[in-house]
$ cat final06.cif   # mmCIF, C-alpha atoms (C1' of nucleotides)
data_input
loop_
_atom_site.label_atom_id
_atom_site.label_comp_id
_atom_site.auth_asym_id
_atom_site.auth_seq_id
_atom_site.Cartn_x
_atom_site.Cartn_y
_atom_site.Cartn_z
CA MET A 1 -0.93 2.35 37.09
CA PRO A 2 -0.38 5.14 34.64
CA GLN A 3 -0.83 4.45 30.95
CA TRP A 4 1.08 6.83 28.81
CA SER A 5 0.93 7.57 25.13
CA ILE A 6 4.11 7.63 23.11
CA SER A 7 4.40 11.40 23.14
CA GLU A 8 4.02 11.51 26.93
CA VAL A 9 6.85 9.03 27.31
CA ALA A 10 8.87 11.01 24.80
CA ARG A 11 8.36 14.19 26.79
CA ARG A 12 9.30 12.51 30.06
CA VAL A 13 12.56 11.06 28.79
CA GLY A 14 13.48 13.85 26.39
CA LEU A 15 13.27 11.85 23.19
CA ARG A 16 11.18 12.22 20.06
CA ALA A 17 8.29 9.85 19.55
CA SER A 18 9.97 8.73 16.35
CA ALA A 19 13.01 7.57 18.33
CA ILE A 20 10.83 5.45 20.58
CA ARG A 21 9.12 3.87 17.59
CA TYR A 22 12.55 3.24 16.15
CA TYR A 23 13.70 1.53 19.35
CA GLU A 24 10.72 -0.76 19.20
CA GLU A 25 11.45 -1.55 15.59
CA ILE A 26 15.05 -2.56 16.25
CA GLY A 27 14.26 -4.48 19.41
CA ILE A 28 15.59 -2.13 22.08
CA LEU A 29 12.06 -1.87 23.40
CA GLU A 30 9.68 -4.77 23.30
CA ARG A 31 6.50 -4.28 21.32
CA ALA A 32 4.23 -2.03 23.33
CA ARG A 33 0.64 -3.02 23.87
CA ARG A 34 -1.88 -1.11 21.77
CA VAL A 35 -5.18 0.48 22.55
CA SER A 36 -7.09 0.84 19.33
CA GLY A 37 -3.83 0.83 17.43
CA GLN A 38 -1.97 3.26 19.67
CA ARG A 39 0.97 2.39 21.92
CA ARG A 40 0.49 2.47 25.68
CA TYR A 41 3.35 2.45 28.18
CA ASP A 42 3.86 2.17 31.92
CA GLU A 43 6.82 3.35 33.97
CA THR A 44 9.09 0.39 33.29
CA VAL A 45 9.78 1.92 29.90
CA LEU A 46 11.33 4.90 31.65
CA TYR A 47 13.85 2.67 33.37
CA ARG A 48 14.65 0.86 30.23
CA LEU A 49 15.21 4.10 28.38
CA ALA A 50 17.35 5.40 31.24
CA VAL A 51 19.68 2.45 30.82
CA VAL A 52 19.75 2.97 27.08
CA ARG A 53 20.64 6.61 27.42
CA ARG A 54 23.41 5.98 29.93
CA ALA A 55 24.89 3.29 27.77
CA GLN A 56 24.78 5.52 24.73
CA GLN A 57 26.50 8.29 26.59
CA ALA A 58 29.20 5.83 27.52
CA GLY A 59 29.75 5.10 23.85
CA PHE A 60 27.72 1.95 23.29
CA THR A 61 25.97 1.41 19.99
CA LEU A 62 22.32 0.44 20.03
CA ASP A 63 23.33 -2.95 18.81
CA GLU A 64 25.64 -3.46 21.75
CA ILE A 65 23.00 -2.18 24.12
CA ARG A 66 20.52 -4.71 22.86
CA GLN A 67 23.05 -7.50 23.20
CA LEU A 68 24.26 -6.44 26.63
CA PHE A 69 20.99 -5.61 28.29
CA PHE A 70 18.13 -7.04 26.34
CA GLY A 71 19.71 -9.75 24.22
CA PHE A 72 18.83 -12.81 26.24
CA SER A 73 16.18 -12.02 28.78
CA GLN A 74 14.52 -15.33 29.52
CA SER A 75 17.02 -17.92 28.41
CA THR A 76 20.31 -16.98 30.07
CA PRO A 77 20.29 -15.62 33.63
CA VAL A 78 23.72 -13.96 33.89
CA SER A 79 25.67 -16.29 31.66
CA GLN A 80 29.24 -16.46 30.52
CA ARG A 81 28.35 -14.72 27.31
CA TRP A 82 27.18 -11.65 29.13
CA LYS A 83 30.23 -11.64 31.35
CA LYS A 84 32.58 -11.72 28.41
CA ILE A 85 30.89 -8.86 26.62
CA ALA A 86 30.80 -6.83 29.80
CA GLU A 87 34.46 -7.42 30.54
CA ARG A 88 35.50 -6.43 27.05
CA LYS A 89 33.37 -3.35 27.33
CA ILE A 90 34.90 -2.34 30.62
CA VAL A 91 38.35 -2.49 29.06
CA GLU A 92 37.06 -0.32 26.25
CA LEU A 93 35.61 2.16 28.69
CA ASP A 94 38.92 2.40 30.52
CA ALA A 95 40.68 3.10 27.24
CA ARG A 96 38.19 5.81 26.35
CA MET A 97 38.70 7.41 29.72
CA GLU A 98 42.42 7.60 29.18
CA GLN A 99 41.97 9.11 25.73
CA ILE A 100 39.65 11.70 27.12
CA GLN A 101 42.07 12.45 29.95
CA SER A 102 44.87 13.01 27.49
CA MET A 103 42.73 15.23 25.31
CA ARG A 104 41.78 17.23 28.34
CA LYS A 105 45.42 17.74 29.21
CA LEU A 106 46.15 18.87 25.68
CA LEU A 107 43.34 21.40 25.74
CA LYS A 108 44.41 22.70 29.12
CA LYS A 109 47.98 23.07 27.94
CA LEU A 110 46.99 24.88 24.77
CA GLU A 111 44.67 27.03 26.81
CA THR A 112 47.28 28.22 29.26
CA CYS A 113 50.75 28.30 27.75
CA CYS A 114 50.73 28.71 24.55
CA GLU A 115 52.97 28.75 21.50
CA CYS A 116 50.18 27.01 19.75
CA GLU A 117 49.87 28.40 16.30
CA THR A 118 52.01 25.34 15.76
CA VAL A 119 49.60 22.58 16.53
CA GLU A 120 52.16 20.34 14.91
CA ARG A 121 54.39 20.70 17.96
CA CYS A 122 51.61 19.42 20.17
CA GLY A 123 51.19 16.63 17.67
CA ALA A 124 54.83 15.72 18.17
CA GLY A 125 54.16 15.57 21.91
CA ILE A 126 51.18 13.34 21.39
CA LEU A 127 53.16 11.02 19.17
CA ARG A 128 55.89 10.82 21.78
CA SER A 129 53.51 10.10 24.63
CA ALA A 130 51.63 7.60 22.49
CA LEU A 131 54.88 5.76 21.90
CA ALA A 132 55.82 6.09 25.56
CA THR A 133 52.64 4.49 26.89
CA SER A 134 53.03 1.77 24.26
CA ASN A 135 50.66 1.77 21.33
CA ALA A 136 47.59 0.91 23.33
CA THR A 137 44.58 1.53 21.09
CA GLN A 138 44.07 -0.25 17.79
CA MET B 1 63.71 15.62 4.38
CA PRO B 2 61.54 12.65 3.57
CA GLN B 3 58.86 13.04 0.93
CA TRP B 4 56.11 10.53 1.34
CA SER B 5 53.33 9.49 -0.95
CA ILE B 6 49.81 9.34 0.36
CA SER B 7 49.86 5.58 0.88
CA GLU B 8 53.10 5.77 2.85
CA VAL B 9 51.57 8.34 5.16
CA ALA B 10 48.46 6.19 5.38
CA ARG B 11 50.50 3.18 6.41
CA ARG B 12 52.44 5.14 9.00
CA VAL B 13 49.38 6.56 10.73
CA GLY B 14 47.08 3.62 10.19
CA LEU B 15 44.54 5.35 7.97
CA ARG B 16 43.34 4.65 4.45
CA ALA B 17 44.56 6.91 1.69
CA SER B 18 40.95 7.81 1.03
CA ALA B 19 40.63 9.18 4.55
CA ILE B 20 43.63 11.44 4.02
CA ARG B 21 42.20 12.73 0.75
CA TYR B 22 38.95 13.33 2.57
CA TYR B 23 40.71 15.30 5.30
CA GLU B 24 42.29 17.50 2.67
CA GLU B 25 38.94 18.00 1.02
CA ILE B 26 37.25 19.17 4.21
CA GLY B 27 40.15 21.31 5.37
CA ILE B 28 41.56 19.21 8.21
CA LEU B 29 44.77 19.00 6.20
CA GLU B 30 45.97 21.82 4.05
CA ARG B 31 46.33 21.09 0.37
CA ALA B 32 49.44 18.96 -0.07
CA ARG B 33 51.97 19.94 -2.68
CA ARG B 34 51.91 17.79 -5.80
CA VAL B 35 54.62 16.19 -7.86
CA SER B 36 53.17 15.50 -11.28
CA GLY B 37 49.72 15.46 -9.82
CA GLN B 38 50.51 13.26 -6.83
CA ARG B 39 50.49 14.38 -3.20
CA ARG B 40 53.76 14.60 -1.32
CA TYR B 41 54.04 14.90 2.47
CA ASP B 42 56.69 15.48 5.09
CA GLU B 43 56.61 14.55 8.75
CA THR B 44 54.53 17.49 9.96
CA VAL B 45 51.49 15.70 8.58
CA LEU B 46 52.09 12.90 11.07
CA TYR B 47 51.84 15.34 13.96
CA ARG B 48 48.75 16.88 12.59
CA LEU B 49 47.13 13.52 12.13
CA ALA B 50 48.17 12.50 15.65
CA VAL B 51 46.26 15.47 17.05
CA VAL B 52 43.28 14.64 14.88
CA ARG B 53 43.20 11.05 16.02
CA ARG B 54 43.48 11.91 19.70
CA ALA B 55 40.77 14.48 19.39
CA GLN B 56 38.51 12.01 17.62
CA GLN B 57 39.09 9.41 20.31
CA ALA B 58 38.04 12.01 22.84
CA GLY B 59 34.78 12.44 21.00
CA PHE B 60 35.39 15.52 18.85
CA THR B 61 33.80 15.76 15.44
CA LEU B 62 36.00 16.64 12.48
CA ASP B 63 34.24 19.93 12.32
CA GLU B 64 35.14 20.73 15.90
CA ILE B 65 38.70 19.60 15.33
CA ARG B 66 39.06 21.95 12.42
CA GLN B 67 37.64 24.81 14.45
CA LEU B 68 39.68 24.06 17.55
CA PHE B 69 43.05 23.33 16.03
CA PHE B 70 43.16 24.57 12.49
CA GLY B 71 40.36 27.09 12.30
CA PHE B 72 42.30 30.30 12.64
CA SER B 73 45.98 29.75 12.07
CA GLN B 74 47.33 33.10 10.97
CA SER B 75 44.76 35.61 12.10
CA THR B 76 44.22 34.93 15.80
CA PRO B 77 47.18 33.90 17.95
CA VAL B 78 45.51 32.21 20.93
CA SER B 79 42.41 34.36 21.00
CA GLN B 80 39.37 34.52 23.18
CA ARG B 81 37.47 32.55 20.62
CA TRP B 82 39.76 29.59 21.00
CA LYS B 83 39.67 29.78 24.75
CA LYS B 84 35.94 29.69 24.84
CA ILE B 85 35.67 26.67 22.61
CA ALA B 86 38.32 24.87 24.61
CA GLU B 87 36.64 25.63 27.91
CA ARG B 88 33.32 24.44 26.67
CA LYS B 89 34.94 21.30 25.39
CA ILE B 90 36.67 20.60 28.68
CA VAL B 91 33.35 20.73 30.44
CA GLU B 92 31.98 18.32 27.89
CA LEU B 93 34.89 15.97 28.39
CA ASP B 94 34.36 15.99 32.14
CA ALA B 95 30.72 15.12 31.64
CA ARG B 96 31.63 12.28 29.32
CA MET B 97 34.06 10.95 31.87
CA GLU B 98 31.40 10.85 34.52
CA GLN B 99 28.97 9.09 32.22
CA ILE B 100 31.58 6.50 31.40
CA GLN B 101 32.38 6.05 35.06
CA SER B 102 28.77 5.44 35.89
CA MET B 103 28.39 2.99 33.04
CA ARG B 104 31.45 1.17 34.24
CA LYS B 105 29.99 0.89 37.69
CA LEU B 106 26.73 -0.44 36.28
CA LEU B 107 28.55 -3.08 34.26
CA LYS B 108 30.66 -4.11 37.23
CA LYS B 109 27.61 -4.39 39.40
CA LEU B 110 25.68 -6.45 36.87
CA GLU B 111 28.76 -8.57 36.36
CA THR B 112 29.21 -9.47 40.00
CA CYS B 113 25.93 -9.55 41.86
CA CYS B 114 23.36 -10.05 40.01
CA GLU B 115 19.60 -10.17 40.00
CA CYS B 116 19.81 -8.70 36.56
CA GLU B 117 17.24 -10.32 34.40
CA THR B 118 15.47 -7.18 35.49
CA VAL B 119 17.50 -4.53 33.78
CA GLU B 120 14.59 -2.28 34.59
CA ARG B 121 15.66 -2.29 38.23
CA CYS B 122 19.06 -0.99 37.26
CA GLY B 123 17.25 1.58 35.18
CA ALA B 124 15.41 2.68 38.27
CA GLY B 125 18.79 3.08 39.98
CA ILE B 126 20.11 5.13 37.11
CA LEU B 127 17.09 7.35 37.13
CA ARG B 128 17.49 7.93 40.86
CA SER B 129 21.17 8.73 40.57
CA ALA B 130 20.50 10.95 37.59
CA LEU B 131 18.03 12.91 39.63
CA ALA B 132 20.39 12.91 42.60
CA THR B 133 23.32 14.44 40.70
CA SER B 134 20.92 17.00 39.23
CA ASN B 135 19.92 16.57 35.62
CA ALA B 136 23.30 17.47 34.20
CA THR B 137 23.27 16.52 30.54
CA GLN B 138 20.68 17.86 28.14
"C1'" DC C 1 55.70 -0.46 -26.77
"C1'" DT C 2 53.09 -2.49 -23.46
"C1'" DA C 3 51.96 -3.74 -18.81
"C1'" DC C 4 51.51 -2.56 -14.28
"C1'" DA C 5 51.22 -0.33 -9.86
"C1'" DA C 6 50.09 3.61 -7.69
"C1'" DC C 7 48.23 7.64 -8.08
"C1'" DT C 8 44.37 11.24 -9.59
"C1'" DT C 9 39.27 13.26 -9.52
"C1'" DC C 10 34.45 12.94 -9.04
"C1'" DA C 11 30.18 10.74 -7.99
"C1'" DA C 12 27.78 7.62 -5.54
"C1'" DG C 13 27.38 4.20 -1.81
"C1'" DT C 14 27.62 2.79 3.34
"C1'" DT C 15 26.58 2.69 8.42
"C1'" DG C 16 24.24 4.15 12.61
"C1'" DA C 17 20.73 6.56 14.59
"C1'" DC C 18 17.32 8.66 13.76
"C1'" DT C 19 13.88 12.20 11.31
"C1'" DT C 20 10.62 13.55 7.88
"C1'" DG C 21 6.81 13.01 4.86
"C1'" DA C 22 2.84 10.90 2.86
"C1'" DA C 23 -1.41 8.72 3.53
"C1'" DG C 24 -4.56 7.32 6.56
"C1'" DG C 25 -7.19 5.80 11.39
"C1'" DC C 26 -9.72 7.04 15.61
"C1'" DA C 27 -12.02 9.75 19.35
"C1'" DA C 28 -13.52 14.28 21.07
"C1'" DG C 29 -15.71 18.64 20.48
"C1'" DC C 30 -18.75 21.72 17.95
"C1'" DG D 1 -21.08 15.14 10.18
"C1'" DC D 2 -16.98 17.51 10.08
"C1'" DT D 3 -12.80 19.25 11.87
"C1'" DT D 4 -8.89 18.79 14.92
"C1'" DG D 5 -5.19 16.52 17.08
"C1'" DC D 6 -2.68 12.73 18.06
"C1'" DC D 7 -1.75 8.55 16.60
"C1'" DT D 8 -0.47 4.74 12.93
"C1'" DT D 9 2.76 2.49 9.13
"C1'" DC D 10 6.05 2.59 5.55
"C1'" DA D 11 9.38 4.59 2.61
"C1'" DA D 12 12.66 7.72 1.94
"C1'" DG D 13 15.76 11.36 3.59
"C1'" DT D 14 19.70 13.16 6.64
"C1'" DC D 15 24.26 13.62 8.81
"C1'" DA D 16 29.04 12.38 9.76
"C1'" DA D 17 32.89 10.16 8.31
"C1'" DC D 18 34.42 7.76 5.32
"C1'" DT D 19 34.74 4.00 1.40
"C1'" DT D 20 34.10 2.30 -3.18
"C1'" DG D 21 34.00 2.51 -8.06
"C1'" DA D 22 34.74 4.33 -12.57
"C1'" DA D 23 37.65 6.43 -15.70
"C1'" DG D 24 41.87 8.41 -16.52
"C1'" DT D 25 47.17 9.83 -15.69
"C1'" DT D 26 52.09 8.95 -14.60
"C1'" DG D 27 56.46 6.65 -14.07
"C1'" DT D 28 58.96 2.43 -14.17
"C1'" DA D 29 60.13 -2.39 -15.62
"C1'" DG D 30 60.56 -5.71 -19.15
#

$ encode --input "final06.cif" --output "structure tokens"
Amino acid sequence: MPQWSISEVARRVGLRASAIRYYEEIGILERARRVSGQRRYDETVLYRLAVVRRAQQAGFTLDEIRQLFFGFSQSTPVSQRWKKIAERKIVELDARMEQIQSMRKLLKKLETCCECETVERCGAGILRSALATSNATQ
Amino acid sequence: MPQWSISEVARRVGLRASAIRYYEEIGILERARRVSGQRRYDETVLYRLAVVRRAQQAGFTLDEIRQLFFGFSQSTPVSQRWKKIAERKIVELDARMEQIQSMRKLLKKLETCCECETVERCGAGILRSALATSNATQ
DNA sequence: CTACAACTTCAAGTTGACTTGAAGGCAAGC
DNA sequence: GCTTGCCTTCAAGTCAACTTGAAGTTGTAG
């Protein structure tokens, strides 16, 4: 069983030690055990941080991450609460994907055609398509 | 030709007036003409703000938006510079899409199966898949 | 003339996710 | 015993993207 210091963990996952301390402070990581005052970690922290990173990349806030993944460890097993949050989040993710898709199209179009010193024209297109697909977001 | 006040524009696009002033301040919007000190807009501002919103939803910072869309209006027509930024951005968007996909899968899996009081196990899965698909991001 | 709503500018505050800095603790090497 | 390096805590700073507040201006309605 390896016992890593905070800076070793930081190096392994590509974070700063300060970020890991911060995660502990806000409850994303549980309080690490200490050896003469210093934090010691084993490999489970790597997995936990992998989940955190993925979730962040997908647009979750740290608060949401704590709720979704670490909010109710012992009490609730899978729970309705979790399911609801997850479902809502999946809808959000789908929306984000569409937005990104549409931005990608716009970039591609501007990249190839392009009478695009008039970004306003593209804006008109966006407005039209936004109206066309109904006003989905917000 | 309609001439809107700042709060009318704000209402139409779903922003606060303060946000529109801020956009002018940082150069996302060009300085609006004034009638006795007050800003007046026509419809082109709607298009511009539509582009801005879409870009934001796709994860662009205001700084990037200014560079990409409004950074070099008169000087460069479509320019290499633009193309490079756009290409880089498209790659980024693709990466974001994949991350979101993978998060979606994770949520779905946790939602349906689920021996998931051990989020760490899922973390192990993520780490494996991250290694599998080569360490793409950062 | 006064009141009022809607605007103006400018400075300072807010939120999320950290980082940086100060002041100090502990173990290893010389 | 002293220096060095890595660690600790706690408070304050940073950045983006705005928002809020204060103090003042303008045009209209009564």

$ resolve_selection --input "final06.cif" --expression "the PyMOL selection byres ((chain A and resi 39) around 10)" --output "CSV table (one decimal) with C-alpha atoms (C1' of nucleotides), in the frame of the given file"
chain,number,residue,atom,x,y,z
A,3,GLN,CA,-0.8,4.4,31.0
A,4,TRP,CA,1.1,6.8,28.8
A,5,SER,CA,0.9,7.6,25.1
A,6,ILE,CA,4.1,7.6,23.1
A,7,SER,CA,4.4,11.4,23.1
A,21,ARG,CA,9.1,3.9,17.6
A,31,ARG,CA,6.5,-4.3,21.3
A,32,ALA,CA,4.2,-2.0,23.3
A,33,ARG,CA,0.6,-3.0,23.9
A,34,ARG,CA,-1.9,-1.1,21.8
A,35,VAL,CA,-5.2,0.5,22.6
A,36,SER,CA,-7.1,0.8,19.3
A,37,GLY,CA,-3.8,0.8,17.4
A,38,GLN,CA,-2.0,3.3,19.7
A,40,ARG,CA,0.5,2.5,25.7
A,41,TYR,CA,3.4,2.4,28.2
D,7,DC,C1',-1.8,8.6,16.6
D,8,DT,C1',-0.5,4.7,12.9

$ resolve_selection --input "final06.cif" --expression "the PyMOL selection byres ((chain C) within 12 of (chain B))" --output "PyMOL selection string"
chain C and resi 6-9

$ residues_around --input "final06.cif" --residues "D:DA12" --least-positions-apart "6" --cutoff "12 Å" --atoms "all atoms listed in the file" --output "list in words"
DT19, DT20, DG21 and DA22 of chain C

$ write_last_selection --input "final06.cif" --atoms "C-alpha atoms (C1' of nucleotides)" --output "mmCIF file, keeping the file's coordinate frame"
data_model
loop_
_atom_site.group_PDB
_atom_site.id
_atom_site.type_symbol
_atom_site.label_atom_id
_atom_site.label_comp_id
_atom_site.auth_asym_id
_atom_site.auth_seq_id
_atom_site.Cartn_x
_atom_site.Cartn_y
_atom_site.Cartn_z
ATOM 1 C "C1'" DT C 19 13.880 12.200 11.310
ATOM 2 C "C1'" DT C 20 10.620 13.550 7.880
ATOM 3 C "C1'" DG C 21 6.810 13.010 4.860
ATOM 4 C "C1'" DA C 22 2.840 10.900 2.860
#

$ resolve_selection --input "final06.cif" --expression "the PyMOL selection byres ((chain B) within 8 of (chain D))" --output "PDB file with C-alpha atoms, in the coordinates of the input"
ATOM      1  CA  SER B  18      40.950   7.810   1.030  1.00  0.00           C
ATOM      2  CA  ALA B  19      40.630   9.180   4.550  1.00  0.00           C
ATOM      3  CA  TYR B  22      38.950  13.330   2.570  1.00  0.00           C
ATOM      4  CA  SER B  36      53.170  15.500 -11.280  1.00  0.00           C
TER       5      SER B  36
END

$ closest_residue --input "final06.cif" --among "A:Asp42, A:Asp94, A:Glu64, A:Glu30" --to "C:DG16" --atoms "all atoms listed in the file"
A:Glu64

$ axis_aligned_box --input "final06.cif" --around "stretch 16-29 of chain D" --padding-each-side "8 Å" --output "lines of an AutoDock Vina configuration file"
center_x = 44.6
center_y = 5.0
center_z = -3.4
size_x = 47.1
size_y = 30.8
size_z = 42.3

$ residues_around --input "final06.cif" --residues "B:Met97" --least-positions-apart "3" --cutoff "10 Å" --atoms "all atoms listed in the file" --output "list in words"
Gln57, Ala58, Leu93, Asp94, Arg96, Met97, Glu98, Ile100 and Gln101 of chain A; Ala58, Val91, Glu92, Leu93, Asp94, Ile100, Gln101, Ser102 and Met103 of chain B
